[in-house]
>>> print(open('my_file-v3.pdb').read())   # PDB, C-alpha atoms, pLDDT in the B column
ATOM      1  CA  MET A  30      94.728 106.250  90.000  1.00 93.00           C
ATOM      2  CA  LYS A  31      96.766 103.076  89.916  1.00 96.00           C
ATOM      3  CA  TYR A  32      96.336 100.392  92.565  1.00 97.00           C
ATOM      4  CA  MET A  33      98.322  97.228  93.192  1.00 98.00           C
ATOM      5  CA  ALA A  34      96.426  94.121  94.205  1.00 98.00           C
ATOM      6  CA  LEU A  35      98.893  91.845  96.036  1.00 97.00           C
ATOM      7  CA  ILE A  36      97.698  88.247  96.050  1.00 97.00           C
ATOM      8  CA  TYR A  37      98.548  86.184  99.149  1.00 95.00           C
ATOM      9  CA  SER A  38      97.673  82.587  99.849  1.00 94.00           C
ATOM     10  CA  ASP A  39      98.551  79.752 102.177  1.00 91.00           C
ATOM     11  CA  PRO A  40      99.817  76.872 100.004  1.00 88.00           C
ATOM     12  CA  ALA A  41      98.199  74.404 102.395  1.00 90.00           C
ATOM     13  CA  ARG A  42      94.782  75.915 101.604  1.00 92.00           C
ATOM     14  CA  GLU A  43      95.193  76.362  97.834  1.00 92.00           C
ATOM     15  CA  PRO A  44      93.378  74.097  95.398  1.00 95.00           C
ATOM     16  CA  LYS A  45      95.688  71.291  94.264  1.00 95.00           C
ATOM     17  CA  PRO A  46      96.745  71.085  90.588  1.00 94.00           C
ATOM     18  CA  GLY A  47      94.971  68.334  88.682  1.00 96.00           C
ATOM     19  CA  THR A  48      91.719  68.695  90.642  1.00 96.00           C
ATOM     20  CA  ALA A  49      88.406  70.115  89.455  1.00 97.00           C
ATOM     21  CA  GLU A  50      88.712  72.741  92.200  1.00 96.00           C
ATOM     22  CA  PHE A  51      92.044  73.885  90.727  1.00 96.00           C
ATOM     23  CA  GLY A  52      90.500  74.114  87.252  1.00 97.00           C
ATOM     24  CA  ALA A  53      87.707  76.308  88.596  1.00 96.00           C
ATOM     25  CA  TYR A  54      90.271  78.411  90.485  1.00 96.00           C
ATOM     26  CA  MET A  55      92.270  79.049  87.297  1.00 96.00           C
ATOM     27  CA  GLN A  56      89.057  79.810  85.375  1.00 97.00           C
ATOM     28  CA  GLY A  57      88.416  82.510  87.979  1.00 97.00           C
ATOM     29  CA  PHE A  58      91.698  84.176  87.042  1.00 97.00           C
ATOM     30  CA  TYR A  59      90.877  83.959  83.318  1.00 97.00           C
ATOM     31  CA  LYS A  60      87.478  85.557  83.959  1.00 97.00           C
ATOM     32  CA  ALA A  61      89.038  88.331  86.075  1.00 97.00           C
ATOM     33  CA  ASN A  62      91.643  88.991  83.359  1.00 97.00           C
ATOM     34  CA  GLU A  63      88.910  89.235  80.729  1.00 97.00           C
ATOM     35  CA  ALA A  64      86.836  91.601  82.893  1.00 98.00           C
ATOM     36  CA  TYR A  65      89.870  93.823  83.586  1.00 98.00           C
ATOM     37  CA  ALA A  66      90.800  93.951  79.899  1.00 97.00           C
ATOM     38  CA  ALA A  67      87.208  94.670  78.825  1.00 98.00           C
ATOM     39  CA  ALA A  68      86.946  97.508  81.370  1.00 98.00           C
ATOM     40  CA  GLY A  69      90.336  98.913  80.369  1.00 98.00           C
ATOM     41  CA  VAL A  70      91.698  98.844  83.945  1.00 98.00           C
ATOM     42  CA  LEU A  71      94.447  96.226  83.547  1.00 97.00           C
ATOM     43  CA  VAL A  72      97.912  97.798  83.540  1.00 97.00           C
ATOM     44  CA  SER A  73      99.863  94.620  84.303  1.00 96.00           C
ATOM     45  CA  GLY A  74      99.823  91.499  86.398  1.00 96.00           C
ATOM     46  CA  ASP A  75     101.595  88.224  86.806  1.00 96.00           C
ATOM     47  CA  ALA A  76     102.057  85.187  88.985  1.00 94.00           C
ATOM     48  CA  LEU A  77     105.296  84.721  90.903  1.00 94.00           C
ATOM     49  CA  ALA A  78     107.434  81.589  90.977  1.00 93.00           C
ATOM     50  CA  PRO A  79     107.157  79.585  94.229  1.00 88.00           C
ATOM     51  CA  VAL A  80     108.486  81.225  97.372  1.00 86.00           C
ATOM     52  CA  HIS A  81     111.354  78.709  97.689  1.00 85.00           C
ATOM     53  CA  THR A  82     112.863  80.289  94.545  1.00 90.00           C
ATOM     54  CA  ALA A  83     113.158  83.702  96.256  1.00 88.00           C
ATOM     55  CA  THR A  84     116.402  85.324  97.339  1.00 88.00           C
ATOM     56  CA  THR A  85     116.262  88.102  99.926  1.00 84.00           C
ATOM     57  CA  VAL A  86     118.857  90.894  99.725  1.00 88.00           C
ATOM     58  CA  ARG A  87     119.754  93.331 102.500  1.00 88.00           C
ATOM     59  CA  ARG A  88     122.662  95.508 103.579  1.00 93.00           C
ATOM     60  CA  ARG A  89     123.811  95.336 107.214  1.00 92.00           C
ATOM     61  CA  SER A  90     126.797  97.240 108.592  1.00 94.00           C
ATOM     62  CA  GLY A  91     127.850  98.102 105.043  1.00 93.00           C
ATOM     63  CA  ARG A  92     127.844  94.451 103.929  1.00 95.00           C
ATOM     64  CA  MET A  93     125.492  93.029 101.352  1.00 93.00           C
ATOM     65  CA  GLU A  94     123.794  89.835 102.527  1.00 91.00           C
ATOM     66  CA  THR A  95     121.639  87.404 100.599  1.00 90.00           C
ATOM     67  CA  MET A  96     119.428  84.655 101.939  1.00 84.00           C
ATOM     68  CA  ASP A  97     117.664  81.927  99.983  1.00 85.00           C
ATOM     69  CA  GLY A  98     113.914  81.950 100.374  1.00 74.00           C
ATOM     70  CA  PRO A  99     111.691  84.628 101.840  1.00 65.00           C
ATOM     71  CA  PHE A 100     112.914  86.805 104.688  1.00 61.00           C
ATOM     72  CA  ALA A 101     109.683  86.541 106.685  1.00 63.00           C
ATOM     73  CA  GLU A 102     108.204  83.226 107.792  1.00 66.00           C
ATOM     74  CA  THR A 103     104.464  83.420 107.258  1.00 69.00           C
ATOM     75  CA  LYS A 104     101.728  81.011 106.259  1.00 79.00           C
ATOM     76  CA  GLU A 105     100.384  83.291 103.539  1.00 85.00           C
ATOM     77  CA  GLN A 106     102.868  83.959 100.750  1.00 90.00           C
ATOM     78  CA  LEU A 107     102.876  86.550  97.991  1.00 92.00           C
ATOM     79  CA  GLY A 108     101.959  84.663  94.832  1.00 94.00           C
ATOM     80  CA  GLY A 109     101.214  87.364  92.290  1.00 96.00           C
ATOM     81  CA  TYR A 110      99.897  90.818  91.610  1.00 97.00           C
ATOM     82  CA  TYR A 111      97.798  93.024  89.399  1.00 98.00           C
ATOM     83  CA  ILE A 112      98.221  96.731  88.760  1.00 98.00           C
ATOM     84  CA  LEU A 113      94.826  98.239  88.021  1.00 98.00           C
ATOM     85  CA  ASP A 114      94.056 101.775  86.863  1.00 98.00           C
ATOM     86  CA  CYS A 115      90.797 102.625  88.638  1.00 98.00           C
ATOM     87  CA  ALA A 116      88.801 105.760  89.350  1.00 97.00           C
ATOM     88  CA  ASP A 117      88.986 105.242  93.104  1.00 96.00           C
ATOM     89  CA  LEU A 118      89.558 102.724  95.891  1.00 96.00           C
ATOM     90  CA  ASP A 119      85.976 101.453  95.753  1.00 97.00           C
ATOM     91  CA  GLU A 120      86.407 100.485  92.100  1.00 98.00           C
ATOM     92  CA  ALA A 121      89.793  98.860  92.841  1.00 97.00           C
ATOM     93  CA  LEU A 122      88.202  96.831  95.653  1.00 97.00           C
ATOM     94  CA  ARG A 123      85.402  95.650  93.352  1.00 97.00           C
ATOM     95  CA  TYR A 124      87.977  94.365  90.883  1.00 98.00           C
ATOM     96  CA  ALA A 125      90.147  92.836  93.627  1.00 97.00           C
ATOM     97  CA  ALA A 126      87.113  90.882  94.835  1.00 97.00           C
ATOM     98  CA  MET A 127      87.125  89.090  91.443  1.00 98.00           C
ATOM     99  CA  ILE A 128      90.494  87.485  92.205  1.00 97.00           C
ATOM    100  CA  PRO A 129      89.673  83.889  93.199  1.00 96.00           C
ATOM    101  CA  THR A 130      92.329  83.814  95.920  1.00 96.00           C
ATOM    102  CA  VAL A 131      89.995  85.865  98.132  1.00 95.00           C
ATOM    103  CA  ASN A 132      88.201  82.561  98.804  1.00 93.00           C
ATOM    104  CA  HIS A 133      91.152  80.940 100.612  1.00 93.00           C
ATOM    105  CA  GLY A 134      93.794  83.683 100.993  1.00 93.00           C
ATOM    106  CA  SER A 135      93.757  87.457 100.809  1.00 95.00           C
ATOM    107  CA  VAL A 136      94.266  90.310  98.373  1.00 97.00           C
ATOM    108  CA  GLU A 137      95.867  93.488  99.669  1.00 97.00           C
ATOM    109  CA  VAL A 138      94.925  96.591  97.657  1.00 97.00           C
ATOM    110  CA  ARG A 139      97.274  99.534  97.887  1.00 96.00           C
ATOM    111  CA  PRO A 140      97.536 102.730  95.816  1.00 94.00           C
ATOM    112  CA  LEU A 141     100.786 103.250  93.944  1.00 93.00           C
ATOM    113  CA  ALA A 142     102.704 106.261  95.251  1.00 85.00           C
ATOM    114  CA  ASP A 143     103.125 109.190  92.913  1.00 78.00           C
ATOM    115  CA  MET A 144     106.891 109.722  92.840  1.00 80.00           C
ATOM    116  CA  ASN A 145     107.083 112.884  90.721  1.00 79.00           C
ATOM    117  CA  PRO A 146     109.133 115.676  92.393  1.00 82.00           C
ATOM    118  CA  GLU A 147     106.111 117.756  93.488  1.00 81.00           C
ATOM    119  CA  ALA A 148     104.313 114.746  94.969  1.00 72.00           C
ATOM    120  CA  LEU A 149     107.524 113.737  96.785  1.00 73.00           C
ATOM    121  CA  LYS A 150     107.783 117.228  98.342  1.00 79.00           C
ATOM    122  CA  GLN A 151     104.225 116.880  99.629  1.00 75.00           C
ATOM    123  CA  LEU A 152     104.918 113.356 100.906  1.00 71.00           C
ATOM    124  CA  MET A 153     108.054 114.499 102.741  1.00 79.00           C
ATOM    125  CA  ALA A 154     106.137 117.441 104.227  1.00 81.00           C
ATOM    126  CA  GLY A 155     103.538 115.014 105.583  1.00 72.00           C
ATOM    127  CA  ALA A 156     100.746 116.229 103.301  1.00 54.00           C
TER     128      ALA A 156
END
>>> encode(input="my_file-v3.pdb", output="structure tokens")
Amino acid sequence: MKYMALIYSDPAREPKPGTAEFGAYMQGFYKANEAYAAAGVLVSGDALAPVHTATTVRRRSGRMETMDGPFAETKEQLGGYYILDCADLDEALRYAAMIPTVNHGSVEVRPLADMNPEALKQLMAGA
């Protein structure tokens, strides 16, 4: 089953570039990437550009609206993701715990929804 690990952090609590702490933080990502690749669970993953580069799109009363920046004001911001192909949630959580952001932010682990027609019928039926 595929799981998405959404990586959130508060920029005020992140290690600062150019510091030894930041170097260790980045090494943590390299080690996680190597472990995921070696185990064959890495489907994809990437960092996101800073939140100030975001544009939010929504439709209201038939009109398309855009807004610079994130729609929600929160301290923790989505900074990246991994998609992992794991046997079960316990395995996905073990791999998510390797993401160094867990030390100052959070990692949300969520299964990807199966959107094939039969699975959609079951989802719509509340199964």
>>> closest_residue(input="my_file-v3.pdb", among="A:Gly155, A:Tyr111, A:Pro40, A:Lys104", to="A:Ile128", atoms="all atoms listed in the file")
A:Tyr111
>>> resolve_selection(input="my_file-v3.pdb", expression="the PyMOL selection byres ((chain A and resi 137) around 8)", output="ChimeraX atom specification")
/A:33-37,135-136,138-139
>>> atom_distance(input="my_file-v3.pdb", atom1="atom CA of A:Glu120", atom2="atom CA of A:Pro44")
27.5 Å
>>> residues_around(input="my_file-v3.pdb", residues="A:Val70", least_positions_apart="5", cutoff="6 Å", atoms="only C-alpha atoms", output="short mmCIF file (atom, residue, chain, number, x, y, z; two decimals) with C-alpha atoms, in the frame of the given file")
data_model
loop_
_atom_site.label_atom_id
_atom_site.label_comp_id
_atom_site.auth_asym_id
_atom_site.auth_seq_id
_atom_site.Cartn_x
_atom_site.Cartn_y
_atom_site.Cartn_z
CA TYR A 65 89.87 93.82 83.59
CA LEU A 113 94.83 98.24 88.02
CA ASP A 114 94.06 101.78 86.86
#
>>> closest_residue(input="my_file-v3.pdb", among="A:Ala53, A:Met30, A:Met93, A:Ala148", to="A:Asn132", atoms="only C-alpha atoms")
A:Ala53
>>> residues_near_point(input="my_file-v3.pdb", point="(97.5, 77.2, 101.9)", cutoff="8 Å", atoms="all atoms listed in the file", output="list in words")
Ser38, Asp39, Pro40, Ala41, Arg42, Glu43, Lys104, Glu105, His133 and Gly134 of chain A
>>> build_atoms(input="my_file-v3.pdb", residues="stretch 122-144 of chain A", atoms="N, CA and C atoms", output="compact mmCIF listing (two decimals), in the coordinates of the input")
# COMPACT_ATOMS: atom_id res chain seq x y z
N LEU A 122 88.65 97.92 94.78
CA LEU A 122 88.20 96.83 95.65
C LEU A 122 87.21 95.91 94.95
N ARG A 123 86.34 96.49 94.12
CA ARG A 123 85.40 95.65 93.35
C ARG A 123 86.16 94.70 92.43
N TYR A 124 87.19 95.22 91.77
CA TYR A 124 87.98 94.36 90.88
C TYR A 124 88.81 93.36 91.67
N ALA A 125 89.36 93.76 92.80
CA ALA A 125 90.15 92.84 93.63
C ALA A 125 89.28 91.68 94.11
N ALA A 126 88.02 91.94 94.37
CA ALA A 126 87.11 90.88 94.84
C ALA A 126 86.89 89.80 93.78
N MET A 127 87.25 90.08 92.51
CA MET A 127 87.12 89.09 91.44
C MET A 127 88.27 88.08 91.45
N ILE A 128 89.33 88.37 92.17
CA ILE A 128 90.49 87.48 92.20
C ILE A 128 90.13 86.27 93.05
N PRO A 129 90.18 85.07 92.49
CA PRO A 129 89.67 83.89 93.20
C PRO A 129 90.41 83.55 94.49
N THR A 130 91.58 84.09 94.70
CA THR A 130 92.33 83.81 95.92
C THR A 130 91.63 84.38 97.16
N VAL A 131 90.71 85.33 96.97
CA VAL A 131 90.00 85.86 98.13
C VAL A 131 89.22 84.77 98.86
N ASN A 132 88.97 83.64 98.19
CA ASN A 132 88.20 82.56 98.80
C ASN A 132 89.01 81.71 99.77
N HIS A 133 90.34 81.74 99.68
CA HIS A 133 91.15 80.94 100.61
C HIS A 133 92.38 81.69 101.12
N GLY A 134 92.64 82.88 100.59
CA GLY A 134 93.79 83.68 100.99
C GLY A 134 93.34 85.11 101.18
N SER A 135 94.13 86.06 100.70
CA SER A 135 93.76 87.46 100.81
C SER A 135 94.35 88.24 99.66
N VAL A 136 93.76 89.39 99.39
CA VAL A 136 94.27 90.31 98.37
C VAL A 136 94.39 91.68 99.03
N GLU A 137 95.61 92.16 99.10
CA GLU A 137 95.87 93.49 99.67
C GLU A 137 95.83 94.50 98.53
N VAL A 138 95.04 95.55 98.68
CA VAL A 138 94.92 96.59 97.66
C VAL A 138 95.58 97.85 98.20
N ARG A 139 96.52 98.37 97.43
CA ARG A 139 97.27 99.53 97.89
C ARG A 139 97.50 100.48 96.71
N PRO A 140 97.27 101.80 96.92
CA PRO A 140 97.54 102.73 95.82
C PRO A 140 99.04 102.82 95.55
N LEU A 141 99.39 103.01 94.28
CA LEU A 141 100.79 103.25 93.94
C LEU A 141 101.11 104.69 94.31
N ALA A 142 102.29 104.91 94.85
CA ALA A 142 102.70 106.26 95.25
C ALA A 142 103.11 107.05 94.02
N ASP A 143 102.73 108.29 93.98
CA ASP A 143 103.12 109.19 92.91
C ASP A 143 104.50 109.73 93.28
N MET A 144 105.51 109.38 92.49
CA MET A 144 106.89 109.72 92.84
C MET A 144 107.44 110.89 92.01
